[in-house]
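A.B. asks: Got work-v9.csv for you, CSV, C-alpha atoms:
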chain,number,residue,atom,x,y,z
A,356,MET,CA,145.1,122.6,76.1
A,357,ASN,CA,147.9,120.1,75.8
A,358,ALA,CA,146.2,118.0,78.4
A,359,ASP,CA,143.0,118.2,76.5
A,360,ALA,CA,144.6,116.9,73.3
A,361,SER,CA,146.3,114.0,75.0
A,362,HIS,CA,143.2,113.3,77.0
A,363,GLY,CA,141.3,113.0,73.7
A,364,ASP,CA,144.1,110.7,72.4
A,365,PHE,CA,143.6,108.4,75.4
A,366,GLU,CA,139.9,108.4,75.0
A,367,SER,CA,140.0,107.7,71.2
A,368,GLY,CA,142.4,104.8,71.8
A,369,LEU,CA,140.4,103.4,74.6
A,370,LYS,CA,136.9,103.7,73.2
A,371,PRO,CA,137.0,101.1,70.4
A,372,LEU,CA,138.8,98.7,72.7
A,373,TRP,CA,136.2,99.3,75.4
A,374,LEU,CA,133.3,98.7,72.9
A,375,ARG,CA,134.9,95.4,71.9
A,376,ALA,CA,135.2,94.5,75.6
A,377,GLN,CA,131.6,95.4,76.2
A,378,SER,CA,130.5,93.0,73.4
A,379,GLY,CA,132.4,90.1,75.0
A,380,ASP,CA,136.1,90.3,73.8
A,381,ALA,CA,137.9,89.2,77.0
A,382,ALA,CA,141.4,90.2,75.7
A,383,ALA,CA,140.2,93.7,74.9
A,384,TYR,CA,138.6,93.9,78.3
A,385,ARG,CA,141.7,92.9,80.0
A,386,LEU,CA,143.8,95.5,78.2
A,387,CYS,CA,141.2,98.2,79.0
A,388,LEU,CA,141.3,97.3,82.7
A,389,GLU,CA,145.1,97.4,82.6
A,390,LEU,CA,145.1,100.8,80.9
A,391,LEU,CA,142.5,102.1,83.4
A,392,ALA,CA,144.2,100.6,86.5
A,393,ALA,CA,147.4,102.5,85.7
A,394,ARG,CA,145.5,105.8,85.4
A,395,LEU,CA,143.3,105.1,88.4
A,396,ARG,CA,146.4,104.5,90.5
A,397,GLY,CA,147.8,108.0,89.5
A,398,PHE,CA,144.4,109.6,90.1
A,399,PHE,CA,144.0,108.2,93.6
A,400,LYS,CA,147.7,108.7,94.5
A,401,ARG,CA,147.4,112.4,94.0
A,402,ARG,CA,144.3,112.5,96.2
A,403,LEU,CA,145.4,110.2,98.9
A,404,VAL,CA,148.7,111.9,99.7
A,405,GLY,CA,148.2,111.2,103.4
A,406,LEU,CA,147.0,107.7,102.9
A,407,PRO,CA,149.4,106.0,100.4
A,408,ASP,CA,148.4,102.6,101.8
A,409,ALA,CA,144.8,103.0,100.7
A,410,VAL,CA,145.7,103.7,97.0
A,411,GLU,CA,146.0,100.2,95.7
A,412,ASP,CA,143.0,99.0,97.7
A,413,LEU,CA,140.9,101.8,96.1
A,414,VAL,CA,142.2,100.9,92.6
A,415,GLN,CA,141.1,97.3,93.2
A,416,GLU,CA,137.8,98.3,94.6
A,417,THR,CA,137.1,100.6,91.7
A,418,LEU,CA,138.0,97.9,89.2
A,419,LEU,CA,135.5,95.5,90.9
A,420,ALA,CA,132.9,98.3,90.7
A,421,LEU,CA,133.6,98.9,87.0
A,422,HIS,CA,133.2,95.2,86.3
A,423,LEU,CA,130.0,94.7,88.2
A,424,ARG,CA,128.4,97.8,86.8
A,425,ARG,CA,129.7,97.8,83.3
A,426,GLY,CA,126.1,97.4,82.1
A,427,THR,CA,125.5,101.1,83.1
A,428,TYR,CA,128.0,102.3,80.5
A,429,ASP,CA,126.3,104.3,77.8
A,430,PRO,CA,128.1,104.0,74.4
A,431,GLU,CA,127.3,107.7,73.6
A,432,LEU,CA,129.5,108.8,76.5
A,433,PRO,CA,133.3,108.9,76.7
A,434,VAL,CA,134.6,105.9,78.6
A,435,THR,CA,136.9,108.1,80.6
A,436,ALA,CA,133.9,110.2,81.8
A,437,TRP,CA,132.1,107.1,83.0
A,438,VAL,CA,135.2,105.7,84.7
A,439,LEU,CA,136.1,109.0,86.4
A,440,ALA,CA,132.6,109.4,87.7
A,441,ILE,CA,132.9,106.0,89.4
A,442,ALA,CA,136.4,106.7,90.6
A,443,ARG,CA,135.3,109.9,92.2
A,444,HIS,CA,132.3,108.2,93.8
A,445,LYS,CA,134.6,105.6,95.3
A,446,LEU,CA,136.9,108.3,96.6
A,447,VAL,CA,134.0,110.2,98.2
A,448,ASP,CA,132.8,106.9,99.7
A,449,LEU,CA,136.2,106.3,101.2
A,450,TRP,CA,136.3,109.7,102.7
A,451,ARG,CA,132.8,109.3,104.1
A,452,ARG,CA,133.7,105.9,105.6
A,453,ARG,CA,136.7,107.5,107.3
A,454,GLY,CA,134.5,110.3,108.6
A,455,ARG,CA,135.8,113.1,106.4
A,456,ARG,CA,133.0,115.4,105.4
A,457,ASP,CA,134.7,117.7,102.9
A,458,ALA,CA,133.6,117.2,99.4
A,459,LEU,CA,136.0,117.1,96.4
A,460,HIS,CA,136.7,120.4,94.8
A,461,ASP,CA,138.3,119.4,91.5
A,462,PRO,CA,137.5,121.4,88.4
A,463,ILE,CA,136.8,119.0,85.6
A,464,ASP,CA,139.8,120.0,83.5
A,465,ASP,CA,142.1,119.4,86.3
A,466,VAL,CA,140.6,115.9,86.8
A,467,ALA,CA,141.0,115.0,83.1
A,468,GLU,CA,144.6,116.2,83.1
A,469,ARG,CA,145.5,114.3,86.2
A,470,PHE,CA,143.7,111.2,85.2
A,471,LEU,CA,146.1,111.0,82.3
A,472,ALA,CA,149.1,110.4,84.5
A,473,VAL,CA,150.1,106.8,84.1
A,474,ASP,CA,151.3,105.1,87.2
A,475,PRO,CA,152.4,101.6,86.2
A,476,GLU,CA,153.8,100.5,89.6
A,477,ASP,CA,151.7,97.7,90.9
A,478,GLY,CA,152.1,97.8,94.7
A,479,SER,CA,150.3,95.0,96.3
A,480,ALA,CA,147.1,95.9,98.0
A,481,LYS,CA,147.0,96.1,101.8
A,482,ARG,CA,143.6,94.5,101.9
A,483,ASP,CA,143.8,90.8,101.1
A,484,LEU,CA,141.3,90.0,98.4
A,485,ASP,CA,142.3,86.3,98.5
A,486,ALA,CA,141.3,86.1,102.1
A,487,LEU,CA,138.0,87.8,101.4
A,488,LEU,CA,137.5,85.4,98.5
A,489,ARG,CA,137.9,82.5,100.9
A,490,GLU,CA,135.1,83.9,103.1
A,491,LEU,CA,132.5,83.7,100.4
A,492,PRO,CA,129.8,81.0,100.6
A,493,PRO,CA,131.3,77.8,99.2
A,494,ALA,CA,129.3,77.6,96.0
A,495,GLN,CA,130.2,81.2,95.0
A,496,GLN,CA,133.8,80.7,96.0
A,497,ARG,CA,134.0,77.5,94.0
A,498,ALA,CA,132.5,79.0,90.9
A,499,ILE,CA,134.9,81.9,91.0
A,500,VAL,CA,137.9,79.8,91.6
A,501,LEU,CA,137.1,77.3,88.8
A,502,THR,CA,136.2,79.8,86.1
A,503,LYS,CA,138.2,82.9,87.1
A,504,ILE,CA,141.4,81.5,88.7
A,505,GLU,CA,141.8,78.0,87.4
A,506,GLY,CA,140.5,79.2,84.0
A,507,LEU,CA,137.9,76.5,83.3
A,508,SER,CA,135.2,77.4,80.9
A,509,VAL,CA,131.7,77.8,82.3
A,510,ALA,CA,130.7,74.5,80.7
A,511,GLU,CA,133.7,72.7,82.3
A,512,ALA,CA,133.0,74.2,85.7
A,513,ALA,CA,129.3,73.1,85.3
A,514,THR,CA,130.4,69.5,84.6
A,515,ARG,CA,132.9,69.5,87.4
A,516,THR,CA,130.4,70.8,90.0
A,517,GLY,CA,127.2,69.2,88.7
A,518,ALA,CA,125.5,72.7,88.6
A,519,SER,CA,124.0,74.1,85.4
A,520,GLU,CA,125.9,76.6,83.3
A,521,SER,CA,123.5,79.4,84.2
A,522,ALA,CA,123.9,78.5,87.9
A,523,ILE,CA,127.7,78.9,87.6
A,524,LYS,CA,127.3,82.3,86.0
A,525,VAL,CA,124.9,83.4,88.7
A,526,GLN,CA,127.2,82.2,91.4
A,527,VAL,CA,130.2,84.0,89.9
A,528,HIS,CA,128.2,87.2,89.6
A,529,ARG,CA,126.8,87.0,93.1
A,530,GLY,CA,130.2,86.1,94.5
A,531,LEU,CA,131.9,89.1,92.9
A,532,LYS,CA,129.0,91.3,94.2
A,533,ARG,CA,129.5,90.0,97.7
A,534,LEU,CA,133.2,90.4,97.4
A,535,ALA,CA,132.7,94.1,96.4
A,536,ALA,CA,130.5,94.6,99.4
A,537,ARG,CA,133.0,93.0,101.7
A,538,VAL,CA,135.8,95.1,100.3
A,539,ARG,CA,133.8,98.2,101.3
A,540,SER,CA,133.2,97.1,104.8
A,541,VAL,CA,136.7,95.8,105.5
A,542,ASP,CA,138.9,98.8,105.7
A,543,PRO,CA,142.5,97.7,106.5
A,544,THR,CA,144.0,101.0,107.6
B,217,MET,CA,146.0,89.7,95.7
B,218,ARG,CA,147.9,91.8,93.2
B,219,THR,CA,146.0,94.2,90.9
B,220,ASP,CA,147.1,92.4,87.8
B,221,THR,CA,145.8,89.1,89.2
B,222,LEU,CA,142.5,90.8,89.9
B,223,ILE,CA,142.3,92.1,86.4
B,224,GLU,CA,143.2,88.7,85.0
B,225,MET,CA,140.4,87.3,87.1
B,226,LEU,CA,137.8,89.9,86.1
B,227,ALA,CA,138.5,89.7,82.4
B,228,ARG,CA,138.7,85.9,82.1
B,229,ASP,CA,135.6,84.6,80.4
B,230,ALA,CA,133.8,87.8,81.3
B,231,GLY,CA,131.3,87.6,78.5
B,232,PRO,CA,129.4,90.6,77.0
B,233,ALA,CA,128.2,93.4,79.3
B,234,PRO,CA,124.5,93.4,80.0
B,235,ARG,CA,122.7,95.8,77.6
B,236,ALA,CA,120.2,98.5,78.6
B,237,LEU,CA,120.7,97.5,82.2
B,238,ALA,CA,119.0,100.6,83.7
B,239,ALA,CA,115.8,100.2,81.7
B,240,ARG,CA,115.7,96.4,82.3
B,241,ARG,CA,116.0,97.0,86.1
B,242,LEU,CA,113.8,100.0,86.5
B,243,ALA,CA,110.9,99.1,84.1
B,244,PRO,CA,109.9,96.0,86.0
B,245,ALA,CA,110.1,97.9,89.3
B,246,ALA,CA,107.8,100.6,88.0
B,247,LEU,CA,105.4,98.1,86.6
B,248,ALA,CA,105.2,96.1,89.8
B,249,GLY,CA,104.8,99.3,91.8
B,250,LEU,CA,101.9,100.4,89.4
B,251,LEU,CA,100.1,97.1,89.9
B,252,ALA,CA,100.6,97.3,93.7
B,253,SER,CA,99.4,100.9,94.1
B,254,GLY,CA,96.4,100.3,91.8
B,255,GLY,CA,95.5,97.1,93.6
B,256,ILE,CA,95.8,98.7,97.0
B,257,ALA,CA,93.8,101.8,95.9
B,258,VAL,CA,90.9,99.6,94.6
B,259,ALA,CA,91.0,96.9,97.3
B,260,ILE,CA,91.6,99.1,100.4
B,261,LEU,CA,90.5,102.7,99.5
B,262,GLY,CA,87.8,101.6,97.0
B,263,ALA,CA,87.4,102.6,93.4
B,264,ILE,CA,85.4,105.6,92.2
B,265,PRO,CA,81.9,104.7,90.8
B,266,ALA,CA,82.1,103.1,87.4
B,267,PRO,CA,80.2,105.9,85.4
B,268,MET,CA,82.9,108.3,86.5
B,269,PHE,CA,85.4,106.5,84.3
B,270,ALA,CA,83.4,107.9,81.3
B,271,SER,CA,84.3,111.5,82.5
B,272,HIS,CA,87.6,113.3,82.5
B,273,VAL,CA,87.9,112.9,86.2
B,274,PRO,CA,90.3,110.0,86.5
B,275,TRP,CA,91.9,110.4,83.1
B,276,THR,CA,93.2,114.0,83.6
B,277,LYS,CA,95.0,112.7,86.7
B,278,ILE,CA,96.3,109.6,85.0
B,279,ALA,CA,97.5,111.6,82.0
B,280,TYR,CA,99.3,114.1,84.3
B,281,ALA,CA,100.8,111.5,86.6
B,282,GLY,CA,101.6,109.1,83.7
B,283,ALA,CA,103.5,111.9,81.8
B,284,LEU,CA,105.4,112.7,85.0
B,285,ALA,CA,106.1,109.0,85.6
B,286,LEU,CA,107.6,108.7,82.1
B,287,ALA,CA,109.7,111.9,82.6
B,288,THR,CA,110.9,111.0,86.1
B,289,GLY,CA,111.5,107.3,85.1
B,290,TRP,CA,113.8,108.6,82.3
B,291,LEU,CA,115.4,110.9,84.9
B,292,THR,CA,116.0,108.0,87.2
B,293,ALA,CA,117.5,105.9,84.5
B,294,ARG,CA,119.9,108.7,83.6
B,295,LEU,CA,121.0,109.2,87.2
B,296,ALA,CA,121.5,105.5,87.5
B,297,ARG,CA,124.4,105.8,85.0
B,298,PRO,CA,127.6,107.5,85.8
B,299,ALA,CA,128.4,110.7,83.8
B,300,ALA,CA,125.0,110.6,81.9
B,301,SER,CA,123.3,114.0,81.6
B,302,ALA,CA,120.1,114.5,83.5
B,303,ASP,CA,119.2,117.8,81.8
B,304,ALA,CA,116.7,116.6,79.1
B,305,PRO,CA,114.5,114.4,81.4
B,306,ARG,CA,114.6,117.1,84.1
B,307,GLY,CA,113.5,119.7,81.6
B,308,LEU,CA,110.7,117.3,80.5
B,309,ALA,CA,109.5,116.8,84.0
B,310,LEU,CA,109.5,120.5,84.7
B,311,ALA,CA,107.6,121.1,81.5
B,312,VAL,CA,104.9,118.6,82.4
B,313,PHE,CA,104.6,120.2,85.9
B,314,GLY,CA,104.5,123.7,84.4
B,315,ALA,CA,101.8,122.8,81.9
B,316,MET,CA,99.6,121.3,84.7
B,317,VAL,CA,100.0,124.3,86.9
B,318,ALA,CA,99.1,126.6,84.0
B,319,LEU,CA,96.1,124.5,83.2
B,320,GLY,CA,95.0,124.4,86.8
B,321,GLY,CA,95.5,128.1,87.2
B,322,ALA,CA,93.5,128.8,84.0
B,323,THR,CA,90.6,126.7,85.1
B,324,LEU,CA,90.6,128.3,88.5
B,325,TRP,CA,90.7,131.7,86.9
B,326,ALA,CA,87.6,130.8,84.9
B,327,GLU,CA,85.6,130.0,88.1
B,328,PRO,CA,83.7,132.7,89.9
B,329,ALA,CA,85.9,134.2,92.6
B,330,GLU,CA,83.9,132.9,95.5
B,331,LEU,CA,84.1,129.3,94.3
B,332,ARG,CA,87.9,129.3,93.6
B,333,LEU,CA,89.0,128.3,97.1
B,334,SER,CA,86.5,125.4,97.3
B,335,ALA,CA,87.6,124.2,93.9
B,336,LEU,CA,91.2,124.3,94.9
B,337,LEU,CA,90.7,122.5,98.2
B,338,GLY,CA,88.0,120.1,97.2
B,339,GLN,CA,86.8,117.7,99.9
B,340,SER,CA,90.1,115.9,100.5
B,341,TRP,CA,93.1,118.2,100.2
B,342,LYS,CA,94.3,117.3,103.6
B,343,THR,CA,94.5,113.6,102.9
B,344,CYS,CA,95.3,113.5,99.2
B,345,PRO,CA,99.1,114.1,99.4
B,346,PHE,CA,99.5,111.5,102.1
B,347,SER,CA,97.4,108.9,100.3
B,348,VAL,CA,99.6,109.5,97.2
B,349,LEU,CA,102.7,109.0,99.4
B,350,PHE,CA,101.3,105.9,100.9
B,351,LEU,CA,100.4,104.4,97.5
B,352,SER,CA,103.9,105.2,96.2
B,353,LEU,CA,105.8,103.2,98.8
B,354,PRO,CA,105.8,99.9,96.9
B,355,THR,CA,107.3,101.6,93.9
B,356,LEU,CA,109.8,103.5,96.0
B,357,ALA,CA,111.1,100.3,97.6
B,358,ALA,CA,111.3,98.5,94.2
B,359,ALA,CA,113.0,101.5,92.4
B,360,LEU,CA,115.6,102.0,95.2
B,361,TRP,CA,116.2,98.2,95.2
B,362,ALA,CA,116.7,98.3,91.4
B,363,LEU,CA,119.1,101.3,91.7
B,364,ARG,CA,121.4,99.4,94.1
B,365,ASP,CA,122.4,97.2,91.2
B,366,LEU,CA,123.0,100.2,88.9
B,367,ALA,CA,125.6,102.9,89.5
B,368,PRO,CA,124.1,106.1,91.0
B,369,THR,CA,127.0,108.4,91.6
B,370,ARG,CA,124.7,111.1,93.0
B,371,PRO,CA,122.7,109.1,95.6
B,372,ARG,CA,120.6,112.0,96.8
B,373,ALA,CA,119.6,113.1,93.3
B,374,ALA,CA,119.0,109.5,92.3
B,375,GLY,CA,116.9,108.9,95.4
B,376,ALA,CA,114.9,112.0,94.7
B,377,ALA,CA,114.2,110.9,91.1
B,378,ALA,CA,113.2,107.5,92.3
B,379,GLY,CA,110.9,109.2,94.8
B,380,LEU,CA,109.3,111.4,92.1
B,381,LEU,CA,108.8,108.3,89.9
B,382,ALA,CA,107.3,106.4,92.8
B,383,GLY,CA,105.1,109.4,93.7
B,384,SER,CA,103.8,109.7,90.1
B,385,ILE,CA,103.0,106.0,90.0
B,386,GLY,CA,101.3,106.3,93.4
B,387,ALA,CA,99.2,109.2,92.0
B,388,ILE,CA,98.1,107.0,89.1
B,389,GLY,CA,96.9,104.4,91.7
B,390,TYR,CA,95.2,107.1,93.8
B,391,ALA,CA,93.3,108.4,90.7
B,392,LEU,CA,91.3,105.2,90.8
B,393,HIS,CA,89.9,106.2,94.2
B,394,CYS,CA,89.8,110.0,94.1
B,395,PRO,CA,86.5,111.6,93.0
B,396,GLU,CA,87.9,115.2,93.0
B,397,ALA,CA,87.1,116.8,89.6
B,398,ALA,CA,89.0,120.2,89.7
B,399,ILE,CA,92.1,120.3,87.6
B,400,ALA,CA,93.6,122.9,90.1
B,401,PHE,CA,93.1,120.3,92.8
B,402,VAL,CA,95.2,117.8,90.9
B,403,ALA,CA,97.9,120.4,90.0
B,404,ALA,CA,98.2,121.3,93.7
B,405,TRP,CA,97.6,118.3,95.8
B,406,TYR,CA,98.7,115.4,93.6
B,407,THR,CA,101.9,117.4,92.9
B,408,ALA,CA,102.3,117.9,96.7
B,409,GLY,CA,102.0,114.1,97.2
B,410,ILE,CA,104.5,113.4,94.4
B,411,ALA,CA,106.9,116.1,95.9
B,412,LEU,CA,106.6,114.5,99.3
B,413,THR,CA,107.6,111.2,97.9
B,414,GLY,CA,110.5,112.8,96.1
B,415,ALA,CA,111.7,114.3,99.4
B,416,LEU,CA,111.5,110.9,101.1
B,417,GLY,CA,113.5,109.4,98.2
B,418,ALA,CA,116.1,112.2,98.6
B,419,ALA,CA,116.4,111.5,102.3
B,420,LEU,CA,116.7,107.7,101.7
B,421,GLY,CA,119.1,107.9,98.7
B,422,PRO,CA,122.4,108.6,100.5
B,423,ARG,CA,121.6,105.9,103.1
B,424,VAL,CA,120.5,103.1,100.9
B,425,LEU,CA,122.3,103.8,97.6
B,426,ARG,CA,125.8,103.1,98.9
B,427,TRP,CA,128.2,101.1,96.8
Give the structure from the file, written as C-alpha cells.

C.D. replies:
Amino acid sequence: MNADASHGDFESGLKPLWLRAQSGDAAAYRLCLELLAARLRGFFKRRLVGLPDAVEDLVQETLLALHLRRGTYDPELPVTAWVLAIARHKLVDLWRRRGRRDALHDPIDDVAERFLAVDPEDGSAKRDLDALLRELPPAQQRAIVLTKIEGLSVAEAATRTGASESAIKVQVHRGLKRLAARVRSVDPT
Amino acid sequence: MRTDTLIEMLARDAGPAPRALAARRLAPAALAGLLASGGIAVAILGAIPAPMFASHVPWTKIAYAGALALATGWLTARLARPAASADAPRGLALAVFGAMVALGGATLWAEPAELRLSALLGQSWKTCPFSVLFLSLPTLAAALWALRDLAPTRPRAAGAAAGLLAGSIGAIGYALHCPEAAIAFVAAWYTAGIALTGALGAALGPRVLRW
C-alpha cells in the first residue's frame, strides 16, 4: 500500500513534467530522462543480478527507445506504465538475444514497487556508444554531432553543412534510429 | 558514453514529440493496401458485372469487412502503443464478427434444409479464403512496416492485429470480384480468409517486430 502511494507520488510529479517535455520543453525532457534513468537502473539491476555489466547498457538502450518512440505515448495513460512496458520489452529482448526462453513473472504491483527504487549511481556503460556513433554514415553522424553534442541549433547546423533544416532533422532522427538498431546487435558481454 | 551524456544528447533541441503517431503511420498503410487490393482484384481477378453493384451482393461484404477493418485498425493502433488497453477494440471486432455469424446463421435457417449446404459453400468456398489472403498481402506488408516505427511490446498480438486488419482490407478488395450472394458464405469464408491472414501476421510478428 505504501508503495502504491509513493508510486502515485512519483507519477503525479512526473506527468506534468513529461507533458511539457512532449510539447517541446527540452529542459523538462532532460529532467524526465534523468528521473527515469535512475529508476530504470534500479529496475534492471534487480533483474540482471547475474549480469551486472549489462545494466547500464540496457538503461541506455531503453532511453534511446523512449526517445525514438515518444510519439507512441498516450496522454491518457500514466507515464510510468508506458515506460515500464518499454523497459520490460527491452529486458525480454535482452533475454531472447541471449537465448533465455523463460518469460518474466512479475506481478504488476511488484514491478511498480521496484520501479520506485532510485539508483543514482551512473556506472559507465560497457558498450561504447561513442564508437557506435562514429560508425554511422557521415551525414547522420555530422548532424548528430553538430546539433546534439556541439549544441548548435538546427539552423546553425544547416548553414554549417549546406543542408536544409529539415534534412538535418531527418539525418538526426535516422542516425539515432540506426544507433538504436546497432546497439541491439552489438552485445558486449 | 556515460548515461548523463546520452541524456544530454537526446534532450538537446529535441523538439516536440510527434502527435497521434500510430494513426499517422497506420492510416496511410491501410489506405495504400486498400487501393492495391482493389486494383489487383479488378485488374487480375476481374470485377463482378456492373449491374451487380446495384444489389446487396458486394455491399454486404464491404460493410462487414469495412467494419472489421475499422475495429482491427483501432486494435492495431492500440497494440502499437505500450501499456494501452486493447479491450475496447477487441470487443468491437468480436461484436462485428458475432453479428455477421448471427445474420449468416439466420439467413441459412430461413433456407429450405436441402439448399442450406449449397448456400453455405457457394461455388467458390475452396478458393475464397486464399484469394482474401492473397489480396491482403500488400496491406500486411505495409502495416507491419508501419508498426516497426511504433512500439509494439506484444509483437505476436500486434502482428495478429495487423494481419486481421490486412485480411479485412483484402476482403474488401475481393468483394469487387466475388459474385457469391449468400450472407452465410461471407460469414464463413471471408472470415476464414481474414483469420488466415491474422494467423500469418501472428507468425510474422515476433520475427519482424523486433526493436

A.B. asks: Rank nothing, just name the residue among A:Lys370, A:Leu534, A:Arg443, A:Ala498 nearest to Glu511 (chain A), using all atoms listed in the file.

C.D. replies: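 So, comparing all the options, the nearest one is A:Ala498.
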
A.B. asks: Which residues of chain A are close to chain B, meaning at most 6 Å apart when you count all atoms listed in the file, and how do they look as a PyMOL selection string?

C.D. replies: chain A and resi 377-379+381+384-385+426-427+436-437+440+444+479+483-485+503

A.B. asks: If I take CA of Gln495 (chain A) and CA of Val527 (chain A), how far is one from the other in Å, to one decimal?

C.D. replies: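 The value is 5.8 Å.
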
A.B. asks: So for region 282-292 of chain B, what box centre and size do we get, axis-aligned, 3 Å extra on each of the six sides, every listed atom, Å to one decimal, as lines of an AutoDock Vina configuration file?

C.D. replies:
center_x = 108.8
center_y = 110.0
center_z = 84.5
size_x = 20.4
size_y = 11.4
size_z = 11.4

A.B. asks: Measuring between only C-alpha atoms, which one of A:Leu418, A:Leu531, A:Ala513, A:Cys387 shows the shortest distance to Leu374 (chain A)?

C.D. replies: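 Counting only C-alpha atoms, the residue closest to Leu374 (chain A) is A:Cys387.
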
A.B. asks: Check the smallest atom-to-atom distance from each of B:Gly307, B:Pro274, B:Pro328, B:Pro354 to Val402 (chain B) using all atoms listed in the file, then report the winner.

C.D. replies: B:Pro274

A.B. asks: Go through A:Leu423, A:Val434, A:Leu487, A:Leu388 one by one, measure the shortest atom-to-atom distance of each to Arg529 (chain A) using all atoms listed in the file, and give the residue with the smallest value.

C.D. replies: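 Using all atoms listed in the file, the shortest distance to Arg529 (chain A) belongs to A:Leu423.
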
A.B. asks: Can you list, as a list of chain:residue names, every protein, DNA or RNA residue that comes within 8 Å of Arg241 (chain B) when you count all atoms listed in the file, leaving out same-chain residues fewer than 4 positions away?

C.D. replies: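 Final neighbour list, sorted by chain and number: B:Leu237, B:Ala245, B:Ala362, B:Leu363.
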
A.B. asks: One decimal, in Å: what's the spacing between CA of Gly363 (chain A) and CA of Pro430 (chain A)?

C.D. replies: 16.0 Å

A.B. asks: What's the 12 Å shell around Arg396 (chain A), counting all atoms listed in the file, without same-chain residues fewer than 2 positions away, as a PyMOL selection string?

C.D. replies: (chain A and resi 388-394+398-403+407-418+439+442+446+469-480) or (chain B and resi 219)

A.B. asks: At most 12 Å from (114.9, 117.9, 79.9), file frame, all atoms listed in the file: which residues, as a compact mmCIF listing (two decimals) with C-alpha atoms, keeping the file's coordinate frame?

C.D. replies:
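Just written: out09.txt:
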# COMPACT_ATOMS: atom_id res chain seq x y z
CA LEU B 284 105.40 112.70 85.00
CA LEU B 286 107.60 108.70 82.10
CA ALA B 287 109.70 111.90 82.60
CA THR B 288 110.90 111.00 86.10
CA TRP B 290 113.80 108.60 82.30
CA LEU B 291 115.40 110.90 84.90
CA ARG B 294 119.90 108.70 83.60
CA SER B 301 123.30 114.00 81.60
CA ALA B 302 120.10 114.50 83.50
CA ASP B 303 119.20 117.80 81.80
CA ALA B 304 116.70 116.60 79.10
CA PRO B 305 114.50 114.40 81.40
CA ARG B 306 114.60 117.10 84.10
CA GLY B 307 113.50 119.70 81.60
CA LEU B 308 110.70 117.30 80.50
CA ALA B 309 109.50 116.80 84.00
CA LEU B 310 109.50 120.50 84.70
CA ALA B 311 107.60 121.10 81.50
CA VAL B 312 104.90 118.60 82.40

A.B. asks: With distances taken over all atoms listed in the file, which of A:Leu369, A:Ala518, A:Ala536, A:Leu395 is nearest to Arg364 (chain B)?

C.D. replies: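 Under the stated criterion, the closest residue is A:Ala536.
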
A.B. asks: Quick one: distance from CA of Ser384 (chain B) to CA of Ala415 (chain B) in Å, one decimal?

C.D. replies: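 Distance reported for this atom pair: 13.0 Å.
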
A.B. asks: Which residue out of B:Met268, B:Ala419, B:Ala400, B:Leu392 has the minimum interatomic distance to Leu250 (chain B) when all atoms listed in the file are used?

C.D. replies: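 Closest to Leu250 (chain B), using all atoms listed in the file: B:Leu392.
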
A.B. asks: Do you know which residues are at most 12 Å from Ile260 (chain B) counting only C-alpha atoms, after dropping those on the same chain fewer than 2 positions away, and could you put them as a list in words?

C.D. replies: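 In the requested format, the answer is Ala252, Ser253, Gly254, Gly255, Ile256, Ala257, Val258, Gly262, Ala263, Ser347, Phe350, Leu351, Gly389, Tyr390, Leu392 and His393 of chain B.
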
A.B. asks: Compile the contact shell of Ala285 (chain B) as an NGL selection string: residues with an atom at most 9 Å away, counting only C-alpha atoms, same-chain residues fewer than 4 positions apart removed.

C.D. replies: :B and (246 or 280-281 or 289-290 or 309 or 380-385 or 388)
